[in-house]
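Chemist: Below is the file final.cif, with mmCIF, N, CA and C atoms.
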```cif
data_start
#
loop_
_atom_site.label_atom_id
_atom_site.label_comp_id
_atom_site.auth_asym_id
_atom_site.auth_seq_id
_atom_site.Cartn_x
_atom_site.Cartn_y
_atom_site.Cartn_z
N MET A 425 -38.62 -20.28 8.76
CA MET A 425 -37.48 -20.34 9.67
C MET A 425 -36.35 -21.10 8.98
N GLY A 426 -35.15 -20.48 8.92
CA GLY A 426 -33.98 -21.10 8.29
C GLY A 426 -33.38 -22.18 9.16
N THR A 427 -32.48 -22.95 8.59
CA THR A 427 -31.82 -24.03 9.31
C THR A 427 -31.09 -23.52 10.54
N LYS A 428 -30.41 -22.37 10.43
CA LYS A 428 -29.66 -21.82 11.56
C LYS A 428 -30.58 -21.37 12.69
N ASP A 429 -31.84 -20.97 12.36
CA ASP A 429 -32.76 -20.46 13.36
C ASP A 429 -33.24 -21.51 14.35
N ILE A 430 -33.25 -22.78 13.97
CA ILE A 430 -33.75 -23.81 14.88
C ILE A 430 -32.88 -23.99 16.11
N TYR A 431 -31.64 -23.50 16.07
CA TYR A 431 -30.73 -23.66 17.20
C TYR A 431 -30.78 -22.49 18.16
N LYS A 432 -31.55 -21.47 17.88
CA LYS A 432 -31.57 -20.26 18.71
C LYS A 432 -32.38 -20.43 19.98
N PHE A 433 -33.35 -21.33 20.00
CA PHE A 433 -34.24 -21.44 21.15
C PHE A 433 -34.35 -22.88 21.61
N CYS A 434 -34.37 -23.03 22.93
CA CYS A 434 -34.59 -24.35 23.53
C CYS A 434 -36.07 -24.46 23.84
N ASP A 435 -36.70 -25.48 23.34
CA ASP A 435 -38.14 -25.62 23.50
C ASP A 435 -38.49 -26.68 24.54
N CYS A 436 -37.51 -27.10 25.33
CA CYS A 436 -37.80 -28.13 26.32
C CYS A 436 -38.02 -27.50 27.69
N ASN A 437 -38.57 -28.28 28.60
CA ASN A 437 -38.81 -27.83 29.97
C ASN A 437 -38.06 -28.70 30.97
N ILE A 438 -37.00 -29.33 30.51
CA ILE A 438 -36.24 -30.26 31.35
C ILE A 438 -35.08 -29.50 31.98
N ILE A 439 -34.92 -29.63 33.28
CA ILE A 439 -33.77 -29.06 33.98
C ILE A 439 -32.76 -30.19 34.16
N HIS A 440 -31.56 -29.99 33.64
CA HIS A 440 -30.49 -30.97 33.78
C HIS A 440 -29.75 -30.67 35.08
N GLU A 441 -30.23 -31.28 36.17
CA GLU A 441 -29.77 -30.96 37.52
C GLU A 441 -28.26 -31.05 37.67
N ASP A 442 -27.64 -32.08 37.10
CA ASP A 442 -26.20 -32.25 37.25
C ASP A 442 -25.44 -31.08 36.61
N LYS A 443 -25.88 -30.62 35.46
CA LYS A 443 -25.21 -29.51 34.79
C LYS A 443 -25.45 -28.19 35.52
N VAL A 444 -26.66 -28.01 36.03
CA VAL A 444 -26.97 -26.80 36.79
C VAL A 444 -26.14 -26.76 38.07
N LEU A 445 -26.08 -27.86 38.79
CA LEU A 445 -25.30 -27.94 40.03
C LEU A 445 -23.83 -27.69 39.75
N ASN A 446 -23.29 -28.30 38.71
CA ASN A 446 -21.89 -28.11 38.34
C ASN A 446 -21.61 -26.64 38.02
N ALA A 447 -22.48 -26.02 37.25
CA ALA A 447 -22.30 -24.61 36.89
C ALA A 447 -22.35 -23.73 38.14
N LYS A 448 -23.28 -23.99 39.04
CA LYS A 448 -23.39 -23.19 40.28
C LYS A 448 -22.16 -23.36 41.17
N GLU A 449 -21.67 -24.59 41.27
CA GLU A 449 -20.50 -24.85 42.11
C GLU A 449 -19.24 -24.18 41.57
N ASN A 450 -19.16 -24.03 40.25
CA ASN A 450 -17.98 -23.44 39.62
C ASN A 450 -18.13 -21.95 39.30
N MET A 451 -19.25 -21.37 39.65
CA MET A 451 -19.49 -19.95 39.40
C MET A 451 -18.66 -19.12 40.37
N PRO A 452 -17.82 -18.20 39.86
CA PRO A 452 -17.04 -17.35 40.76
C PRO A 452 -17.93 -16.34 41.48
N ASP A 453 -17.41 -15.77 42.55
CA ASP A 453 -18.20 -14.78 43.28
C ASP A 453 -18.30 -13.49 42.47
N ASP A 454 -19.12 -12.55 42.95
CA ASP A 454 -19.38 -11.31 42.22
C ASP A 454 -18.12 -10.46 42.01
N VAL A 455 -17.20 -10.50 42.97
CA VAL A 455 -15.97 -9.70 42.84
C VAL A 455 -15.17 -10.17 41.63
N ILE A 456 -14.99 -11.47 41.51
CA ILE A 456 -14.25 -12.03 40.37
C ILE A 456 -14.99 -11.73 39.07
N SER A 457 -16.30 -11.93 39.06
CA SER A 457 -17.08 -11.64 37.86
C SER A 457 -16.93 -10.18 37.44
N ASP A 458 -16.98 -9.27 38.41
CA ASP A 458 -16.82 -7.84 38.11
C ASP A 458 -15.43 -7.54 37.55
N GLU A 459 -14.40 -8.16 38.11
CA GLU A 459 -13.04 -7.90 37.65
C GLU A 459 -12.80 -8.44 36.24
N VAL A 460 -13.36 -9.61 35.94
CA VAL A 460 -13.23 -10.16 34.59
C VAL A 460 -13.98 -9.25 33.61
N SER A 461 -15.15 -8.79 34.01
CA SER A 461 -15.92 -7.88 33.17
C SER A 461 -15.13 -6.59 32.91
N ASP A 462 -14.51 -6.04 33.95
CA ASP A 462 -13.69 -4.83 33.80
C ASP A 462 -12.52 -5.07 32.86
N PHE A 463 -11.89 -6.23 32.97
CA PHE A 463 -10.77 -6.58 32.10
C PHE A 463 -11.19 -6.49 30.63
N PHE A 464 -12.32 -7.09 30.30
CA PHE A 464 -12.78 -7.07 28.91
C PHE A 464 -13.29 -5.68 28.51
N ARG A 465 -13.86 -4.95 29.45
CA ARG A 465 -14.31 -3.59 29.16
C ARG A 465 -13.12 -2.72 28.77
N ILE A 466 -12.02 -2.85 29.50
CA ILE A 466 -10.81 -2.07 29.19
C ILE A 466 -10.29 -2.44 27.81
N LEU A 467 -10.39 -3.70 27.44
CA LEU A 467 -9.92 -4.14 26.14
C LEU A 467 -10.89 -3.74 25.02
N GLY A 468 -12.06 -3.24 25.38
CA GLY A 468 -13.07 -2.89 24.39
C GLY A 468 -12.85 -1.52 23.76
N ASP A 469 -11.61 -1.14 23.54
CA ASP A 469 -11.27 0.14 22.93
C ASP A 469 -10.25 -0.11 21.82
N THR A 470 -10.53 0.37 20.63
CA THR A 470 -9.68 0.10 19.48
C THR A 470 -8.25 0.58 19.68
N THR A 471 -8.08 1.77 20.25
CA THR A 471 -6.72 2.29 20.45
C THR A 471 -5.94 1.40 21.41
N ARG A 472 -6.58 0.97 22.48
CA ARG A 472 -5.90 0.09 23.43
C ARG A 472 -5.54 -1.24 22.79
N ILE A 473 -6.42 -1.77 21.96
CA ILE A 473 -6.13 -3.03 21.26
C ILE A 473 -4.95 -2.84 20.32
N ARG A 474 -4.90 -1.72 19.62
CA ARG A 474 -3.78 -1.45 18.72
C ARG A 474 -2.47 -1.33 19.50
N ILE A 475 -2.53 -0.77 20.70
CA ILE A 475 -1.34 -0.71 21.56
C ILE A 475 -0.89 -2.12 21.92
N LEU A 476 -1.84 -3.00 22.24
CA LEU A 476 -1.49 -4.38 22.56
C LEU A 476 -0.87 -5.08 21.36
N PHE A 477 -1.39 -4.81 20.15
CA PHE A 477 -0.76 -5.38 18.95
C PHE A 477 0.69 -4.92 18.85
N ALA A 478 0.93 -3.63 19.12
CA ALA A 478 2.29 -3.09 19.05
C ALA A 478 3.21 -3.75 20.08
N LEU A 479 2.66 -4.03 21.26
CA LEU A 479 3.47 -4.58 22.35
C LEU A 479 3.52 -6.10 22.38
N ASP A 480 2.77 -6.75 21.51
CA ASP A 480 2.66 -8.21 21.58
C ASP A 480 3.99 -8.92 21.40
N ASN A 481 4.89 -8.37 20.61
CA ASN A 481 6.15 -9.06 20.36
C ASN A 481 7.37 -8.42 20.99
N SER A 482 7.26 -7.17 21.41
CA SER A 482 8.41 -6.55 22.06
C SER A 482 7.97 -5.33 22.86
N GLU A 483 8.77 -5.02 23.85
CA GLU A 483 8.48 -3.82 24.63
C GLU A 483 8.83 -2.58 23.81
N MET A 484 8.14 -1.50 24.11
CA MET A 484 8.35 -0.26 23.36
C MET A 484 8.15 0.93 24.28
N CYS A 485 8.78 2.05 23.91
CA CYS A 485 8.56 3.29 24.65
C CYS A 485 7.37 4.03 24.03
N VAL A 486 6.88 5.04 24.73
CA VAL A 486 5.72 5.81 24.28
C VAL A 486 5.97 6.40 22.90
N CYS A 487 7.16 6.93 22.66
CA CYS A 487 7.48 7.54 21.36
C CYS A 487 7.33 6.52 20.23
N ASP A 488 7.82 5.31 20.45
CA ASP A 488 7.73 4.27 19.43
C ASP A 488 6.28 3.88 19.16
N ILE A 489 5.51 3.69 20.23
CA ILE A 489 4.10 3.32 20.08
C ILE A 489 3.34 4.42 19.35
N ALA A 490 3.59 5.67 19.73
CA ALA A 490 2.93 6.80 19.08
C ALA A 490 3.25 6.83 17.60
N ASN A 491 4.50 6.53 17.25
CA ASN A 491 4.91 6.51 15.85
C ASN A 491 4.21 5.38 15.09
N VAL A 492 4.14 4.21 15.69
CA VAL A 492 3.49 3.07 15.05
C VAL A 492 2.02 3.38 14.78
N LEU A 493 1.35 3.98 15.75
CA LEU A 493 -0.09 4.21 15.63
C LEU A 493 -0.45 5.56 14.99
N GLY A 494 0.57 6.40 14.76
CA GLY A 494 0.31 7.70 14.17
C GLY A 494 -0.50 8.60 15.09
N MET A 495 -0.18 8.55 16.38
CA MET A 495 -0.90 9.33 17.38
C MET A 495 0.10 10.16 18.19
N THR A 496 -0.41 11.03 19.04
CA THR A 496 0.46 11.85 19.88
C THR A 496 0.95 11.04 21.07
N LYS A 497 2.09 11.44 21.61
CA LYS A 497 2.62 10.79 22.81
C LYS A 497 1.64 10.96 23.97
N SER A 498 1.00 12.12 24.02
CA SER A 498 0.05 12.39 25.09
C SER A 498 -1.12 11.41 25.07
N SER A 499 -1.69 11.17 23.89
CA SER A 499 -2.83 10.26 23.81
C SER A 499 -2.41 8.81 24.10
N ILE A 500 -1.23 8.44 23.66
CA ILE A 500 -0.73 7.09 23.96
C ILE A 500 -0.46 6.95 25.46
N SER A 501 0.14 7.97 26.06
CA SER A 501 0.41 7.94 27.50
C SER A 501 -0.87 7.77 28.30
N HIS A 502 -1.91 8.47 27.88
CA HIS A 502 -3.22 8.37 28.57
C HIS A 502 -3.75 6.93 28.50
N GLN A 503 -3.68 6.32 27.33
CA GLN A 503 -4.16 4.95 27.17
C GLN A 503 -3.28 3.96 27.94
N LEU A 504 -1.98 4.17 27.91
CA LEU A 504 -1.07 3.30 28.66
C LEU A 504 -1.34 3.37 30.16
N SER A 505 -1.68 4.55 30.63
CA SER A 505 -2.00 4.72 32.05
C SER A 505 -3.20 3.85 32.42
N THR A 506 -4.23 3.88 31.59
CA THR A 506 -5.41 3.05 31.84
C THR A 506 -5.04 1.57 31.82
N LEU A 507 -4.24 1.17 30.84
CA LEU A 507 -3.83 -0.23 30.74
C LEU A 507 -2.97 -0.65 31.93
N ARG A 508 -2.11 0.25 32.41
CA ARG A 508 -1.26 -0.05 33.57
C ARG A 508 -2.08 -0.19 34.84
N LEU A 509 -3.02 0.73 35.04
CA LEU A 509 -3.86 0.67 36.25
C LEU A 509 -4.66 -0.63 36.32
N ASN A 510 -4.95 -1.19 35.17
CA ASN A 510 -5.73 -2.42 35.12
C ASN A 510 -4.86 -3.66 34.93
N LYS A 511 -3.56 -3.49 35.10
CA LYS A 511 -2.59 -4.59 35.06
C LYS A 511 -2.63 -5.37 33.75
N ILE A 512 -2.78 -4.62 32.65
CA ILE A 512 -2.75 -5.22 31.32
C ILE A 512 -1.38 -4.99 30.69
N VAL A 513 -0.76 -3.86 31.00
CA VAL A 513 0.62 -3.61 30.60
C VAL A 513 1.42 -3.25 31.85
N LYS A 514 2.72 -3.39 31.74
CA LYS A 514 3.63 -3.00 32.81
C LYS A 514 4.72 -2.14 32.19
N CYS A 515 5.49 -1.48 33.03
CA CYS A 515 6.57 -0.66 32.49
C CYS A 515 7.84 -0.86 33.30
N ARG A 516 8.94 -0.50 32.67
CA ARG A 516 10.22 -0.52 33.37
C ARG A 516 11.00 0.69 32.88
N ARG A 517 11.75 1.27 33.80
CA ARG A 517 12.54 2.46 33.50
C ARG A 517 13.98 2.06 33.19
N GLU A 518 14.53 2.67 32.16
CA GLU A 518 15.93 2.50 31.82
C GLU A 518 16.48 3.90 31.56
N GLY A 519 17.14 4.46 32.58
CA GLY A 519 17.59 5.85 32.48
C GLY A 519 16.39 6.77 32.42
N LYS A 520 16.31 7.58 31.37
CA LYS A 520 15.18 8.50 31.21
C LYS A 520 14.04 7.88 30.41
N GLU A 521 14.27 6.71 29.86
CA GLU A 521 13.25 6.07 29.03
C GLU A 521 12.43 5.08 29.84
N VAL A 522 11.15 4.99 29.48
CA VAL A 522 10.23 4.03 30.10
C VAL A 522 9.73 3.11 29.00
N TYR A 523 9.90 1.81 29.21
CA TYR A 523 9.49 0.82 28.23
C TYR A 523 8.26 0.08 28.74
N TYR A 524 7.32 -0.15 27.84
CA TYR A 524 6.08 -0.84 28.16
C TYR A 524 6.04 -2.20 27.51
N SER A 525 5.38 -3.14 28.18
CA SER A 525 5.19 -4.48 27.64
C SER A 525 3.89 -5.04 28.21
N LEU A 526 3.43 -6.14 27.63
CA LEU A 526 2.24 -6.80 28.18
C LEU A 526 2.57 -7.26 29.59
N ASP A 527 1.60 -7.19 30.48
CA ASP A 527 1.86 -7.43 31.90
C ASP A 527 2.38 -8.83 32.20
N ASP A 528 1.79 -9.84 31.58
CA ASP A 528 2.26 -11.21 31.84
C ASP A 528 1.77 -12.13 30.72
N GLU A 529 2.09 -13.39 30.86
CA GLU A 529 1.73 -14.38 29.83
C GLU A 529 0.22 -14.55 29.71
N HIS A 530 -0.52 -14.34 30.81
CA HIS A 530 -1.97 -14.48 30.74
C HIS A 530 -2.57 -13.43 29.81
N VAL A 531 -2.13 -12.20 29.94
CA VAL A 531 -2.62 -11.13 29.07
C VAL A 531 -2.26 -11.44 27.63
N LYS A 532 -1.03 -11.85 27.41
CA LYS A 532 -0.56 -12.19 26.06
C LYS A 532 -1.40 -13.32 25.47
N GLU A 533 -1.67 -14.33 26.26
CA GLU A 533 -2.44 -15.47 25.78
C GLU A 533 -3.88 -15.08 25.46
N VAL A 534 -4.54 -14.33 26.35
CA VAL A 534 -5.91 -13.89 26.09
C VAL A 534 -5.97 -13.06 24.81
N PHE A 535 -5.03 -12.13 24.66
CA PHE A 535 -4.99 -11.27 23.49
C PHE A 535 -4.76 -12.09 22.21
N GLU A 536 -3.81 -12.99 22.24
CA GLU A 536 -3.50 -13.78 21.04
C GLU A 536 -4.60 -14.77 20.70
N VAL A 537 -5.24 -15.36 21.71
CA VAL A 537 -6.35 -16.28 21.45
C VAL A 537 -7.53 -15.52 20.84
N ALA A 538 -7.82 -14.35 21.37
CA ALA A 538 -8.91 -13.53 20.82
C ALA A 538 -8.60 -13.14 19.37
N THR A 539 -7.36 -12.79 19.10
CA THR A 539 -6.97 -12.42 17.74
C THR A 539 -7.12 -13.61 16.79
N ARG A 540 -6.66 -14.78 17.22
CA ARG A 540 -6.81 -15.99 16.38
C ARG A 540 -8.28 -16.30 16.13
N HIS A 541 -9.09 -16.16 17.17
CA HIS A 541 -10.52 -16.43 17.05
C HIS A 541 -11.15 -15.54 15.98
N VAL A 542 -10.85 -14.26 16.03
CA VAL A 542 -11.40 -13.31 15.06
C VAL A 542 -10.90 -13.61 13.66
N MET A 543 -9.62 -13.91 13.54
CA MET A 543 -9.04 -14.21 12.22
C MET A 543 -9.64 -15.50 11.63
N GLU A 544 -9.83 -16.51 12.46
CA GLU A 544 -10.40 -17.77 11.99
C GLU A 544 -11.85 -17.59 11.58
N ARG A 545 -12.59 -16.78 12.32
CA ARG A 545 -13.98 -16.50 11.96
C ARG A 545 -14.03 -15.78 10.62
N GLY A 546 -13.08 -14.90 10.37
CA GLY A 546 -13.01 -14.20 9.10
C GLY A 546 -12.75 -15.17 7.95
N GLU A 547 -11.89 -16.14 8.19
CA GLU A 547 -11.58 -17.15 7.17
C GLU A 547 -12.81 -18.01 6.88
N GLU A 548 -13.58 -18.36 7.93
CA GLU A 548 -14.78 -19.16 7.75
C GLU A 548 -15.81 -18.39 6.92
N ASN A 549 -15.94 -17.09 7.17
CA ASN A 549 -16.90 -16.28 6.42
C ASN A 549 -16.51 -16.15 4.97
N GLU A 550 -15.22 -16.18 4.67
CA GLU A 550 -14.76 -16.09 3.28
C GLU A 550 -15.12 -17.35 2.50
N GLU A 551 -15.20 -18.48 3.21
CA GLU A 551 -15.50 -19.75 2.56
C GLU A 551 -16.96 -19.87 2.19
N ILE A 552 -17.81 -19.13 2.85
CA ILE A 552 -19.26 -19.25 2.64
C ILE A 552 -19.67 -18.66 1.32
#
```
Would you mind giving the structure from this file in structure tokens?

Modeler:
Amino acid sequence: MGTKDIYKFCDCNIIHEDKVLNAKENMPDDVISDEVSDFFRILGDTTRIRILFALDNSEMCVCDIANVLGMTKSSISHQLSTLRLNKIVKCRREGKEVYYSLDDEHVKEVFEVATRHVMERGEENEEI
């Protein structure tokens, strides 16, 4: 067994009542848990993540996003529809054009924190 393996299993039989009680008291109900799970499920698609990268710094229309990702307007529109229904992106109309952006600062923060986490893990692996 390697050094890292010793941390995979807890071999004790002690219940830390205060921690269990705290976790139970702060556990959200099933509706909230389901919605958070759905949020991450929607983000679990490479094309949708690439759309979020495109929208992270500025709003864009479907044509611009399609050009950035090298995809059809139809396929981008389909993905944007899913993201809009799940309140991950929003849109605004200006004349005949529709511009998309991240829905709010929470979405932006979750996306950017996840990106930093992945990038930092990559840097740690390079050091090994």

Chemist: Record the distance separating CA of Thr471 (chain A) and atom C of Lys520 (chain A), expressed in Å with one decimal.

Modeler: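 Distance between the two atoms: 23.7 Å.
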
Chemist: With the file shown as input, list the residues that the PyMOL selection byres (((chain A and resi 535-540 and name CA) around 12) and name CA) selects, as a compact mmCIF listing (two decimals) with N, CA and C atoms, keeping the file's coordinate frame.

Modeler:
```
# COMPACT_ATOMS: atom_id res chain seq x y z
N PHE A 463 -11.89 -6.23 32.97
CA PHE A 463 -10.77 -6.58 32.10
C PHE A 463 -11.19 -6.49 30.63
N PHE A 464 -12.32 -7.09 30.30
CA PHE A 464 -12.78 -7.07 28.91
C PHE A 464 -13.29 -5.68 28.51
N LEU A 467 -10.39 -3.70 27.44
CA LEU A 467 -9.92 -4.14 26.14
C LEU A 467 -10.89 -3.74 25.02
N GLY A 468 -12.06 -3.24 25.38
CA GLY A 468 -13.07 -2.89 24.39
C GLY A 468 -12.85 -1.52 23.76
N ARG A 472 -6.58 0.97 22.48
CA ARG A 472 -5.90 0.09 23.43
C ARG A 472 -5.54 -1.24 22.79
N ILE A 473 -6.42 -1.77 21.96
CA ILE A 473 -6.13 -3.03 21.26
C ILE A 473 -4.95 -2.84 20.32
N ARG A 474 -4.90 -1.72 19.62
CA ARG A 474 -3.78 -1.45 18.72
C ARG A 474 -2.47 -1.33 19.50
N ILE A 475 -2.53 -0.77 20.70
CA ILE A 475 -1.34 -0.71 21.56
C ILE A 475 -0.89 -2.12 21.92
N LEU A 476 -1.84 -3.00 22.24
CA LEU A 476 -1.49 -4.38 22.56
C LEU A 476 -0.87 -5.08 21.36
N PHE A 477 -1.39 -4.81 20.15
CA PHE A 477 -0.76 -5.38 18.95
C PHE A 477 0.69 -4.92 18.85
N ALA A 478 0.93 -3.63 19.12
CA ALA A 478 2.29 -3.09 19.05
C ALA A 478 3.21 -3.75 20.08
N LEU A 479 2.66 -4.03 21.26
CA LEU A 479 3.47 -4.58 22.35
C LEU A 479 3.52 -6.10 22.38
N ASP A 480 2.77 -6.75 21.51
CA ASP A 480 2.66 -8.21 21.58
C ASP A 480 3.99 -8.92 21.40
N ASN A 481 4.89 -8.37 20.61
CA ASN A 481 6.15 -9.06 20.36
C ASN A 481 7.37 -8.42 20.99
N ILE A 512 -2.78 -4.62 32.65
CA ILE A 512 -2.75 -5.22 31.32
C ILE A 512 -1.38 -4.99 30.69
N VAL A 513 -0.76 -3.86 31.00
CA VAL A 513 0.62 -3.61 30.60
C VAL A 513 1.42 -3.25 31.85
N LEU A 526 3.43 -6.14 27.63
CA LEU A 526 2.24 -6.80 28.18
C LEU A 526 2.57 -7.26 29.59
N ASP A 527 1.60 -7.19 30.48
CA ASP A 527 1.86 -7.43 31.90
C ASP A 527 2.38 -8.83 32.20
N ASP A 528 1.79 -9.84 31.58
CA ASP A 528 2.26 -11.21 31.84
C ASP A 528 1.77 -12.13 30.72
N GLU A 529 2.09 -13.39 30.86
CA GLU A 529 1.73 -14.38 29.83
C GLU A 529 0.22 -14.55 29.71
N HIS A 530 -0.52 -14.34 30.81
CA HIS A 530 -1.97 -14.48 30.74
C HIS A 530 -2.57 -13.43 29.81
N VAL A 531 -2.13 -12.20 29.94
CA VAL A 531 -2.62 -11.13 29.07
C VAL A 531 -2.26 -11.44 27.63
N LYS A 532 -1.03 -11.85 27.41
CA LYS A 532 -0.56 -12.19 26.06
C LYS A 532 -1.40 -13.32 25.47
N GLU A 533 -1.67 -14.33 26.26
CA GLU A 533 -2.44 -15.47 25.78
C GLU A 533 -3.88 -15.08 25.46
N VAL A 534 -4.54 -14.33 26.35
CA VAL A 534 -5.91 -13.89 26.09
C VAL A 534 -5.97 -13.06 24.81
N HIS A 541 -9.09 -16.16 17.17
CA HIS A 541 -10.52 -16.43 17.05
C HIS A 541 -11.15 -15.54 15.98
N VAL A 542 -10.85 -14.26 16.03
CA VAL A 542 -11.40 -13.31 15.06
C VAL A 542 -10.90 -13.61 13.66
N MET A 543 -9.62 -13.91 13.54
CA MET A 543 -9.04 -14.21 12.22
C MET A 543 -9.64 -15.50 11.63
N GLU A 544 -9.83 -16.51 12.46
CA GLU A 544 -10.40 -17.77 11.99
C GLU A 544 -11.85 -17.59 11.58
N ARG A 545 -12.59 -16.78 12.32
CA ARG A 545 -13.98 -16.50 11.96
C ARG A 545 -14.03 -15.78 10.62
N GLY A 546 -13.08 -14.90 10.37
CA GLY A 546 -13.01 -14.20 9.10
C GLY A 546 -12.75 -15.17 7.95
N GLU A 547 -11.89 -16.14 8.19
CA GLU A 547 -11.58 -17.15 7.17
C GLU A 547 -12.81 -18.01 6.88
```

Chemist: Please identify which residues in region 433-537 of chain A DSSP calls strand (DSSP E or B) from the backbone, and express them as an MDAnalysis selection string.

Modeler: chainID A and resid 484:485 513:518 521:526

Chemist: Work out how far atom N of Met484 (chain A) is from atom N of Arg516 (chain A), in Å to one decimal.

Modeler: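 Distance between the two atoms: 8.7 Å.
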
Chemist: Using all atoms listed in the file, what residues lie at most 8 Å away from (6.3, 8.7, 21.2) (file coordinates), given as a VMD selection string?

Modeler: chain A and resid 485 to 492 495 to 498 500 to 501

Chemist: Measure the distance from CA of His502 (chain A) to CA of Arg465 (chain A) in Å and round it to one decimal.

Modeler: 16.3 Å

Chemist: Taking only region 425-550 of chain A into account, list the residues labelled alpha helix (DSSP H) by DSSP (computed from the backbone), as an NGL selection string.

Modeler: :A and (441-450 or 454-467 or 470-479 or 486-493 or 497-509 or 529-550)

Chemist: Could you check which of A:Tyr524, A:Thr506, A:Cys515, A:Met451 is closest to Glu483 (chain A), using only N, CA and C atoms?

Modeler: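 Under the stated criterion, the closest residue is A:Tyr524.
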
Chemist: Looking at only N, CA and C atoms, which of A:Ser457, A:Lys448, A:Ile466, A:Val522 is the one that sits closest to Leu507 (chain A)?

Modeler: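 Result for the nearest residue to Leu507 (chain A): A:Ile466.
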
Chemist: Taking the partial coordinates given, rebuild region 460-466 of chain A to contain all heavy atoms; return it as an mmCIF file, in the frame of the given file.

Modeler:
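Resulting contents of out-v7.cif:
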```
data_model
loop_
_atom_site.group_PDB
_atom_site.id
_atom_site.type_symbol
_atom_site.label_atom_id
_atom_site.label_comp_id
_atom_site.auth_asym_id
_atom_site.auth_seq_id
_atom_site.Cartn_x
_atom_site.Cartn_y
_atom_site.Cartn_z
ATOM 1 N N VAL A 460 -13.360 -9.610 35.940
ATOM 2 C CA VAL A 460 -13.230 -10.160 34.590
ATOM 3 C C VAL A 460 -13.980 -9.250 33.610
ATOM 4 O O VAL A 460 -13.480 -8.945 32.522
ATOM 5 C CB VAL A 460 -13.740 -11.616 34.515
ATOM 6 C CG1 VAL A 460 -13.814 -12.107 33.080
ATOM 7 C CG2 VAL A 460 -12.845 -12.532 35.346
ATOM 8 N N SER A 461 -15.150 -8.790 34.010
ATOM 9 C CA SER A 461 -15.920 -7.880 33.170
ATOM 10 C C SER A 461 -15.130 -6.590 32.910
ATOM 11 O O SER A 461 -15.074 -6.093 31.777
ATOM 12 C CB SER A 461 -17.257 -7.556 33.834
ATOM 13 O OG SER A 461 -17.977 -6.631 33.072
ATOM 14 N N ASP A 462 -14.510 -6.040 33.950
ATOM 15 C CA ASP A 462 -13.690 -4.830 33.800
ATOM 16 C C ASP A 462 -12.520 -5.070 32.860
ATOM 17 O O ASP A 462 -12.176 -4.216 32.051
ATOM 18 C CB ASP A 462 -13.162 -4.361 35.157
ATOM 19 C CG ASP A 462 -14.245 -3.734 36.026
ATOM 20 O OD1 ASP A 462 -15.327 -3.401 35.501
ATOM 21 O OD2 ASP A 462 -14.002 -3.597 37.239
ATOM 22 N N PHE A 463 -11.890 -6.230 32.970
ATOM 23 C CA PHE A 463 -10.770 -6.580 32.100
ATOM 24 C C PHE A 463 -11.190 -6.490 30.630
ATOM 25 O O PHE A 463 -10.524 -5.848 29.812
ATOM 26 C CB PHE A 463 -10.276 -7.996 32.437
ATOM 27 C CG PHE A 463 -9.187 -8.515 31.549
ATOM 28 C CD1 PHE A 463 -7.862 -8.194 31.791
ATOM 29 C CD2 PHE A 463 -9.481 -9.350 30.478
ATOM 30 C CE1 PHE A 463 -6.842 -8.690 30.977
ATOM 31 C CE2 PHE A 463 -8.479 -9.850 29.665
ATOM 32 C CZ PHE A 463 -7.154 -9.515 29.914
ATOM 33 N N PHE A 464 -12.320 -7.090 30.300
ATOM 34 C CA PHE A 464 -12.780 -7.070 28.910
ATOM 35 C C PHE A 464 -13.290 -5.680 28.510
ATOM 36 O O PHE A 464 -13.143 -5.281 27.355
ATOM 37 C CB PHE A 464 -13.828 -8.150 28.660
ATOM 38 C CG PHE A 464 -13.221 -9.520 28.535
ATOM 39 C CD1 PHE A 464 -13.331 -10.443 29.561
ATOM 40 C CD2 PHE A 464 -12.519 -9.869 27.394
ATOM 41 C CE1 PHE A 464 -12.759 -11.701 29.442
ATOM 42 C CE2 PHE A 464 -11.932 -11.128 27.271
ATOM 43 C CZ PHE A 464 -12.057 -12.041 28.294
ATOM 44 N N ARG A 465 -13.860 -4.950 29.450
ATOM 45 C CA ARG A 465 -14.310 -3.590 29.160
ATOM 46 C C ARG A 465 -13.120 -2.720 28.770
ATOM 47 O O ARG A 465 -13.179 -1.965 27.795
ATOM 48 C CB ARG A 465 -15.029 -2.984 30.366
ATOM 49 C CG ARG A 465 -15.576 -1.582 30.118
ATOM 50 C CD ARG A 465 -16.250 -1.015 31.367
ATOM 51 N NE ARG A 465 -15.440 -1.107 32.568
ATOM 52 C CZ ARG A 465 -14.427 -0.295 32.872
ATOM 53 N NH1 ARG A 465 -14.091 0.676 32.063
ATOM 54 N NH2 ARG A 465 -13.758 -0.453 34.004
ATOM 55 N N ILE A 466 -12.020 -2.850 29.500
ATOM 56 C CA ILE A 466 -10.810 -2.070 29.190
ATOM 57 C C ILE A 466 -10.290 -2.440 27.810
ATOM 58 O O ILE A 466 -9.825 -1.594 27.055
ATOM 59 C CB ILE A 466 -9.724 -2.303 30.267
ATOM 60 C CG1 ILE A 466 -10.184 -1.773 31.624
ATOM 61 C CG2 ILE A 466 -8.395 -1.683 29.864
ATOM 62 C CD1 ILE A 466 -10.543 -0.307 31.660
#
```
